[in-house]
Structure formats: structure tokens, C-alpha cells
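*Asks:* Structure provided below as C-alpha cells; questions to follow.
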There are 2 protein chains.
Amino acid sequence: MVPDPVPGAGATDDLFKLLADPTRRRILDLLAERGTLTVGQLAAEFPDLVPSGISKHLMSLRAAGLVRATRDGRQRLYRIDPDALSTALVPWLARYAPYWADALARLRVLAERDRERTR
Amino acid sequence: MVPDPVPGAGATDDLFKLLADPTRRRILDLLAERGTLTVGQLAAEFPDLVPSGISKHLMSLRAAGLVRATRDGRQRLYRIDPDALSTALVPWLARYAPYWADALARLRVLAERDRERTR
DNA sequence: CCAATACATTACTACTAGGTAATGTATTGG
DNA sequence: CCAATACATTACCTAGTAGTAATGTATTGG
């Protein structure tokens, strides 16, 4: 059983700590581009890493609500929680709103173009 | 002398590692809301922290290009590099573009409203 | 000038956390 | 059924780092 992600205290801190690790960011990248992956499929992408290490990372990502898992027989299917990332990051990004306005235009274009392509 | 920030390899990694520390994020927050601060003014905001610790954080932030410093007599004035944050984060955020489109609208509203207020 | 101020820098310590190895727990093909 | 599969979990080790303390370096008021 995975403990509920605490939305109130230290949520931003936990988020950035999770994103600070390159392995976890790569896991998120892989899930973002392939949609759904098992632990084994993910572990295969990290040749110089032991599978249980990946499992541990997935547990922490899951505890933070960034990914979700469903059982499929004896394997677990992991996928990104669609808007957990954005809802967690937006409050922080908003603090630097004045510094962002110009960059947001570019990002918005990318977002909508990609949505056309993948949806 | 501060070494040039390496834009190519591991830039995103360095960025997230920097943002992972709550003290550094708070420093950025303070600079974002007050514009320009000396080391002493910043250190005064961290009662349970020694000034040289703040100085060290500022050095790493400066090495990554997130903040800039100018001399003013015997003190240094620190301020946020206007678009270093966005240019560093946008490439990464773009990877999750499909997950972002809805949140970007909210952020964009915040960005433009804040720009009216502070500019 | 020079003591005091304002940071920067270095050396050191303690704690965190990513990694592995070993073990535990469901699940299922045969 | 049961051995094998697919993860999860625990214990442990080690490297990286935030913090302090001590020292170094400009700068300036008096």
C-alpha cells in the first residue's frame, strides 16, 4: 500500500527532490513517450542499474503521485499521472510569472502542436 | 572568478539539483519578489543559518547562471537573471507538452496579470 | 592608515540518499 | 501443485552535499 501524497507541507520540496535525480527524470521521459511500461521494460533501459533500484524509484514517484500503477497478472503497468506534474509545478512556476511570460508563448505552441500529433 | 555555465551537457541536471534545495529556492523567491538584495539582507532572512552558507548557495546559483551579481562598494548586489530560469526549464517542460496544455492557460493568465502589477 | 565591514573561500563534519544484494510475496505456465 | 517469473521490501554501503567554523581578501568610514 502506498501512502497518500501529502499535498500541503513540503510538497514542492518533495517534487524537486524527485526531479533532481537523472534516473527518475529518465523514467518519466520514457513513460511520457511510450505511455505505459512495466518495471522490467523500464529496467531494460538502464543496463548499468539493478531492477530493484528502478522499483524503488517507481515507488517514490508513486508516493508523490507522479505516476500510477495497475496490476496486470504478475507485472505492474506504470504510467504518468496525467496532470500531477503540472498541478504540482504550476504553483511554483507562478511565482516567477514575470520572468516567464515570453517563454510561455513558445511552450504553449509546443504543447498544442504535440497534442495534435499524439492525440 | 566564476566559471562559465556549461549550456550543453548536464545542464538540466544541474538546474534540478539546484532547485532541489529549499534554501536555494527560498533565495530565488526572495530575489524574485524584492528584485535586488545583498548577501547580508538575504542572510538576515535565514536566522538559523550562517552567512557564509548563503554565500556558498549564491555562488552555485551564480555558476549556473540563475543569478547575477554586481559590486556596490564592499557589498554584492544579487538579482535573478531574467530569463535564465525559463530558458533552462522550457526544454524540459516541452517534453511533457501534452500533459501541460491545460495548465499553461492558467499560468499564462498569472504571468500576464503579474506583469501588469509589477512592471 | 587601519580597524571594521562585507563577502568569498577553504577545510571539515554529519547526514542524506542512490545504489546493490538479499530476501519476501504474489502470480501463473506447465 | 510448484518452480519460475515479476516485483516489492529490507538492510547495508558509500558518495555527494548542506551546514559550520576558520581563514582569506577587498573596501571604506573615521
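Residues are referred to by chain and number: the chain letter is A, B, ... according to the order shown in the C-alpha cells, the number counts from 1 in that chain, and ligands are numbered separately from 1 in the order shown.
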Please, which residues of chain A lie no more than 12 Å from chain C when the count uses only C-alpha atoms (C1' of nucleotides), and can they be set out as an NGL selection string?
*Replies:* :A and (17-18 or 20-24 or 48-54 or 56-57 or 71-76)
*Asks:* Pull N, CA, C and O atoms from the residues just selected and write them as an mmCIF file, in the first residue's frame.
*Replies:*
```
data_model
loop_
_atom_site.group_PDB
_atom_site.id
_atom_site.type_symbol
_atom_site.label_atom_id
_atom_site.label_comp_id
_atom_site.auth_asym_id
_atom_site.auth_seq_id
_atom_site.Cartn_x
_atom_site.Cartn_y
_atom_site.Cartn_z
ATOM 1 N N LYS A 17 12.973 17.432 -5.234
ATOM 2 C CA LYS A 17 13.927 16.393 -4.845
ATOM 3 C C LYS A 17 13.801 15.200 -5.779
ATOM 4 O O LYS A 17 14.803 14.591 -6.155
ATOM 5 N N LEU A 18 12.573 14.858 -6.147
ATOM 6 C CA LEU A 18 12.368 13.735 -7.059
ATOM 7 C C LEU A 18 12.936 14.045 -8.434
ATOM 8 O O LEU A 18 13.613 13.213 -9.037
ATOM 9 N N ALA A 20 15.255 15.954 -9.165
ATOM 10 C CA ALA A 20 16.702 16.211 -9.138
ATOM 11 C C ALA A 20 17.499 14.999 -9.598
ATOM 12 O O ALA A 20 18.635 15.133 -10.045
ATOM 13 N N ASP A 21 16.913 13.824 -9.504
ATOM 14 C CA ASP A 21 17.651 12.621 -9.885
ATOM 15 C C ASP A 21 17.467 12.298 -11.362
ATOM 16 O O ASP A 21 16.344 12.143 -11.843
ATOM 17 N N PRO A 22 18.576 12.178 -12.102
ATOM 18 C CA PRO A 22 18.501 11.945 -13.545
ATOM 19 C C PRO A 22 17.818 10.624 -13.893
ATOM 20 O O PRO A 22 17.138 10.540 -14.917
ATOM 21 N N THR A 23 18.017 9.602 -13.075
ATOM 22 C CA THR A 23 17.362 8.319 -13.347
ATOM 23 C C THR A 23 15.844 8.467 -13.300
ATOM 24 O O THR A 23 15.135 7.963 -14.177
ATOM 25 N N ARG A 24 15.358 9.181 -12.297
ATOM 26 C CA ARG A 24 13.908 9.363 -12.180
ATOM 27 C C ARG A 24 13.372 10.228 -13.310
ATOM 28 O O ARG A 24 12.293 9.967 -13.845
ATOM 29 N N ASP A 48 23.158 -0.487 -16.639
ATOM 30 C CA ASP A 48 24.074 -0.444 -15.502
ATOM 31 C C ASP A 48 23.336 -0.115 -14.205
ATOM 32 O O ASP A 48 23.833 0.620 -13.357
ATOM 33 N N LEU A 49 22.146 -0.694 -14.102
ATOM 34 C CA LEU A 49 21.352 -0.475 -12.894
ATOM 35 C C LEU A 49 20.556 -1.738 -12.618
ATOM 36 O O LEU A 49 20.091 -2.403 -13.534
ATOM 37 N N VAL A 50 20.440 -2.053 -11.351
ATOM 38 C CA VAL A 50 19.727 -3.263 -10.943
ATOM 39 C C VAL A 50 18.222 -2.995 -10.917
ATOM 40 O O VAL A 50 17.800 -1.908 -10.536
ATOM 41 N N PRO A 51 17.399 -3.980 -11.329
ATOM 42 C CA PRO A 51 15.955 -3.761 -11.417
ATOM 43 C C PRO A 51 15.301 -3.250 -10.131
ATOM 44 O O PRO A 51 14.391 -2.408 -10.192
ATOM 45 N N SER A 52 15.765 -3.738 -9.010
ATOM 46 C CA SER A 52 15.120 -3.307 -7.768
ATOM 47 C C SER A 52 15.340 -1.819 -7.518
ATOM 48 O O SER A 52 14.542 -1.175 -6.837
ATOM 49 N N GLY A 53 16.442 -1.308 -8.072
ATOM 50 C CA GLY A 53 16.678 0.136 -7.975
ATOM 51 C C GLY A 53 15.591 0.908 -8.700
ATOM 52 O O GLY A 53 15.068 1.895 -8.184
ATOM 53 N N ILE A 54 15.241 0.423 -9.895
ATOM 54 C CA ILE A 54 14.160 1.052 -10.650
ATOM 55 C C ILE A 54 12.853 0.980 -9.872
ATOM 56 O O ILE A 54 12.091 1.948 -9.809
ATOM 57 N N LYS A 56 12.452 0.876 -6.715
ATOM 58 C CA LYS A 56 12.475 1.861 -5.623
ATOM 59 C C LYS A 56 12.135 3.247 -6.132
ATOM 60 O O LYS A 56 11.363 3.988 -5.506
ATOM 61 N N HIS A 57 12.719 3.612 -7.278
ATOM 62 C CA HIS A 57 12.418 4.919 -7.854
ATOM 63 C C HIS A 57 10.938 5.035 -8.183
ATOM 64 O O HIS A 57 10.303 6.056 -7.921
ATOM 65 N N ARG A 71 -2.135 -3.419 -11.793
ATOM 66 C CA ARG A 71 -1.624 -4.777 -11.924
ATOM 67 C C ARG A 71 -2.077 -5.375 -13.239
ATOM 68 O O ARG A 71 -3.204 -5.144 -13.694
ATOM 69 N N ASP A 72 -1.196 -6.167 -13.826
ATOM 70 C CA ASP A 72 -1.584 -6.952 -14.993
ATOM 71 C C ASP A 72 -0.919 -8.309 -14.815
ATOM 72 O O ASP A 72 0.235 -8.493 -15.198
ATOM 73 N N GLY A 73 -1.641 -9.231 -14.226
ATOM 74 C CA GLY A 73 -1.038 -10.505 -13.894
ATOM 75 C C GLY A 73 0.045 -10.317 -12.863
ATOM 76 O O GLY A 73 -0.193 -9.715 -11.826
ATOM 77 N N ARG A 74 1.231 -10.806 -13.183
ATOM 78 C CA ARG A 74 2.310 -10.637 -12.202
ATOM 79 C C ARG A 74 3.196 -9.450 -12.503
ATOM 80 O O ARG A 74 4.256 -9.288 -11.922
ATOM 81 N N GLN A 75 2.801 -8.653 -13.439
ATOM 82 C CA GLN A 75 3.584 -7.440 -13.664
ATOM 83 C C GLN A 75 2.744 -6.191 -13.406
ATOM 84 O O GLN A 75 1.521 -6.246 -13.400
ATOM 85 N N ARG A 76 3.440 -5.089 -13.199
ATOM 86 C CA ARG A 76 2.763 -3.820 -12.904
ATOM 87 C C ARG A 76 2.951 -2.881 -14.078
ATOM 88 O O ARG A 76 4.055 -2.726 -14.585
#
```
*Asks:* Can you list, as a PyMOL selection string, all residues belonging to stretch 16-83 of chain A that DSSP tags as alpha helix (DSSP H)?
*Replies:* chain A and resi 16-19+22-34+39-44+51-63
*Asks:* Please build the interface table for chain D against chain A with a cut-off of 8 Å, listing for each qualifying residue the nearest atom pair and the distance in Å to one decimal; count only C-alpha atoms (C1' of nucleotides), order rows by chain and increasing number, and write it as CSV.
*Replies:*
```
residue,atom,partner,partner_atom,distance
D:DT5,C1',A:Arg74,CA,7.8
D:DA6,C1',A:Gln75,CA,5.5
D:DC7,C1',A:Gln75,CA,7.0
D:DA8,C1',A:Ser55,CA,7.5
```
*Asks:* Compute the chain B side of the contact with chain A at 6 Å, counting only C-alpha atoms, and hand it back as a list in words.
*Replies:* Phe16, Lys17, Ala20, Pro82, Ala97, Pro98, Tyr99, Ala101, Ala111 and Arg115 of chain B
*Asks:* Given the selection you just returned, output its residues as a file containing all heavy atoms, formatted as a JSON list (two decimals), in the first residue's frame.
*Replies:*
```
[["chain", "number", "residue", "atom", "x", "y", "z"],
["B", 16, "PHE", "N", 18.06, 21.14, -11.86],
["B", 16, "PHE", "CA", 17.15, 20.49, -10.92],
["B", 16, "PHE", "C", 17.83, 20.21, -9.59],
["B", 16, "PHE", "O", 17.20, 20.28, -8.54],
["B", 16, "PHE", "CB", 16.61, 19.19, -11.52],
["B", 16, "PHE", "CG", 15.46, 19.41, -12.45],
["B", 16, "PHE", "CD1", 15.62, 19.27, -13.81],
["B", 16, "PHE", "CD2", 14.22, 19.78, -11.97],
["B", 16, "PHE", "CE1", 14.56, 19.48, -14.68],
["B", 16, "PHE", "CE2", 13.15, 19.99, -12.82],
["B", 16, "PHE", "CZ", 13.32, 19.84, -14.18],
["B", 17, "LYS", "N", 19.12, 19.93, -9.63],
["B", 17, "LYS", "CA", 19.83, 19.72, -8.37],
["B", 17, "LYS", "C", 19.84, 21.01, -7.56],
["B", 17, "LYS", "O", 19.70, 20.98, -6.34],
["B", 17, "LYS", "CB", 21.27, 19.27, -8.66],
["B", 17, "LYS", "CG", 21.37, 17.82, -9.11],
["B", 17, "LYS", "CD", 22.44, 17.07, -8.32],
["B", 17, "LYS", "CE", 22.48, 15.61, -8.72],
["B", 17, "LYS", "NZ", 23.30, 15.42, -9.93],
["B", 20, "ALA", "N", 16.47, 21.65, -6.05],
["B", 20, "ALA", "CA", 16.05, 20.64, -5.07],
["B", 20, "ALA", "C", 16.25, 21.12, -3.64],
["B", 20, "ALA", "O", 15.61, 20.63, -2.72],
["B", 20, "ALA", "CB", 16.83, 19.34, -5.30],
["B", 82, "PRO", "N", 17.17, 37.43, -15.66],
["B", 82, "PRO", "CA", 15.76, 37.50, -16.09],
["B", 82, "PRO", "C", 15.23, 36.24, -16.76],
["B", 82, "PRO", "O", 14.13, 35.80, -16.46],
["B", 82, "PRO", "CB", 15.76, 38.67, -17.06],
["B", 82, "PRO", "CG", 16.85, 39.55, -16.56],
["B", 82, "PRO", "CD", 17.92, 38.61, -16.05],
["B", 97, "ALA", "N", 4.80, 18.34, -22.94],
["B", 97, "ALA", "CA", 3.86, 19.28, -23.53],
["B", 97, "ALA", "C", 2.41, 18.77, -23.52],
["B", 97, "ALA", "O", 1.50, 19.52, -23.14],
["B", 97, "ALA", "CB", 4.30, 19.63, -24.95],
["B", 98, "PRO", "N", 2.16, 17.51, -23.92],
["B", 98, "PRO", "CA", 0.77, 17.04, -23.94],
["B", 98, "PRO", "C", 0.11, 17.11, -22.57],
["B", 98, "PRO", "O", -1.10, 17.29, -22.47],
["B", 98, "PRO", "CB", 0.90, 15.58, -24.40],
["B", 98, "PRO", "CG", 2.19, 15.52, -25.13],
["B", 98, "PRO", "CD", 3.09, 16.48, -24.42],
["B", 99, "TYR", "N", 0.90, 16.96, -21.52],
["B", 99, "TYR", "CA", 0.34, 16.98, -20.17],
["B", 99, "TYR", "C", 0.15, 18.39, -19.64],
["B", 99, "TYR", "O", -0.37, 18.59, -18.56],
["B", 99, "TYR", "CB", 1.24, 16.21, -19.20],
["B", 99, "TYR", "CG", 1.48, 14.78, -19.59],
["B", 99, "TYR", "CD1", 2.65, 14.42, -20.25],
["B", 99, "TYR", "CD2", 0.55, 13.80, -19.32],
["B", 99, "TYR", "CE1", 2.87, 13.09, -20.61],
["B", 99, "TYR", "CE2", 0.75, 12.49, -19.67],
["B", 99, "TYR", "CZ", 1.92, 12.14, -20.32],
["B", 99, "TYR", "OH", 2.15, 10.84, -20.68],
["B", 101, "ALA", "N", -0.85, 21.37, -21.60],
["B", 101, "ALA", "CA", -1.65, 22.36, -22.32],
["B", 101, "ALA", "C", -2.69, 23.05, -21.45],
["B", 101, "ALA", "O", -2.83, 24.28, -21.49],
["B", 101, "ALA", "CB", -2.31, 21.71, -23.52],
["B", 111, "ALA", "N", 0.90, 34.94, -15.39],
["B", 111, "ALA", "CA", 2.08, 35.65, -15.86],
["B", 111, "ALA", "C", 1.73, 37.06, -16.31],
["B", 111, "ALA", "O", 2.41, 38.02, -15.94],
["B", 111, "ALA", "CB", 2.72, 34.87, -17.00],
["B", 115, "ARG", "N", 2.63, 40.65, -14.55],
["B", 115, "ARG", "CA", 3.46, 41.61, -15.28],
["B", 115, "ARG", "C", 2.84, 42.99, -15.21],
["B", 115, "ARG", "O", 3.55, 43.98, -15.03],
["B", 115, "ARG", "CB", 3.61, 41.17, -16.73],
["B", 115, "ARG", "CG", 4.50, 42.13, -17.47],
["B", 115, "ARG", "CD", 5.42, 41.43, -18.39],
["B", 115, "ARG", "NE", 4.75, 40.97, -19.59],
["B", 115, "ARG", "CZ", 5.41, 40.53, -20.66],
["B", 115, "ARG", "NH1", 6.72, 40.51, -20.64],
["B", 115, "ARG", "NH2", 4.78, 40.12, -21.71]]
```
*Asks:* To one decimal place, how far is atom CA of B:Tyr78 from atom CA of B:Arg26 in Å?
*Replies:*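 Calculated distance between atom CA of B:Tyr78 and atom CA of B:Arg26 is 13.8 Å.
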*Asks:* Could you tell me how far atom CA of B:Ile27 sits from atom CA of B:Leu61, in Å to one decimal place?
*Replies:* 9.6 Å
*Asks:* Could you tell me, as a PyMOL selection string, which residues of stretch 17-93 of chain B DSSP assigns to strand (DSSP E) when given the backbone?
*Replies:* chain B and resi 36-38+67-72+75-80
*Asks:* What does the distance between atom CA of A:Leu30 and atom C1' of D:DT17 come to in Å, to one decimal place?
*Replies:*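 The value is 28.5 Å.
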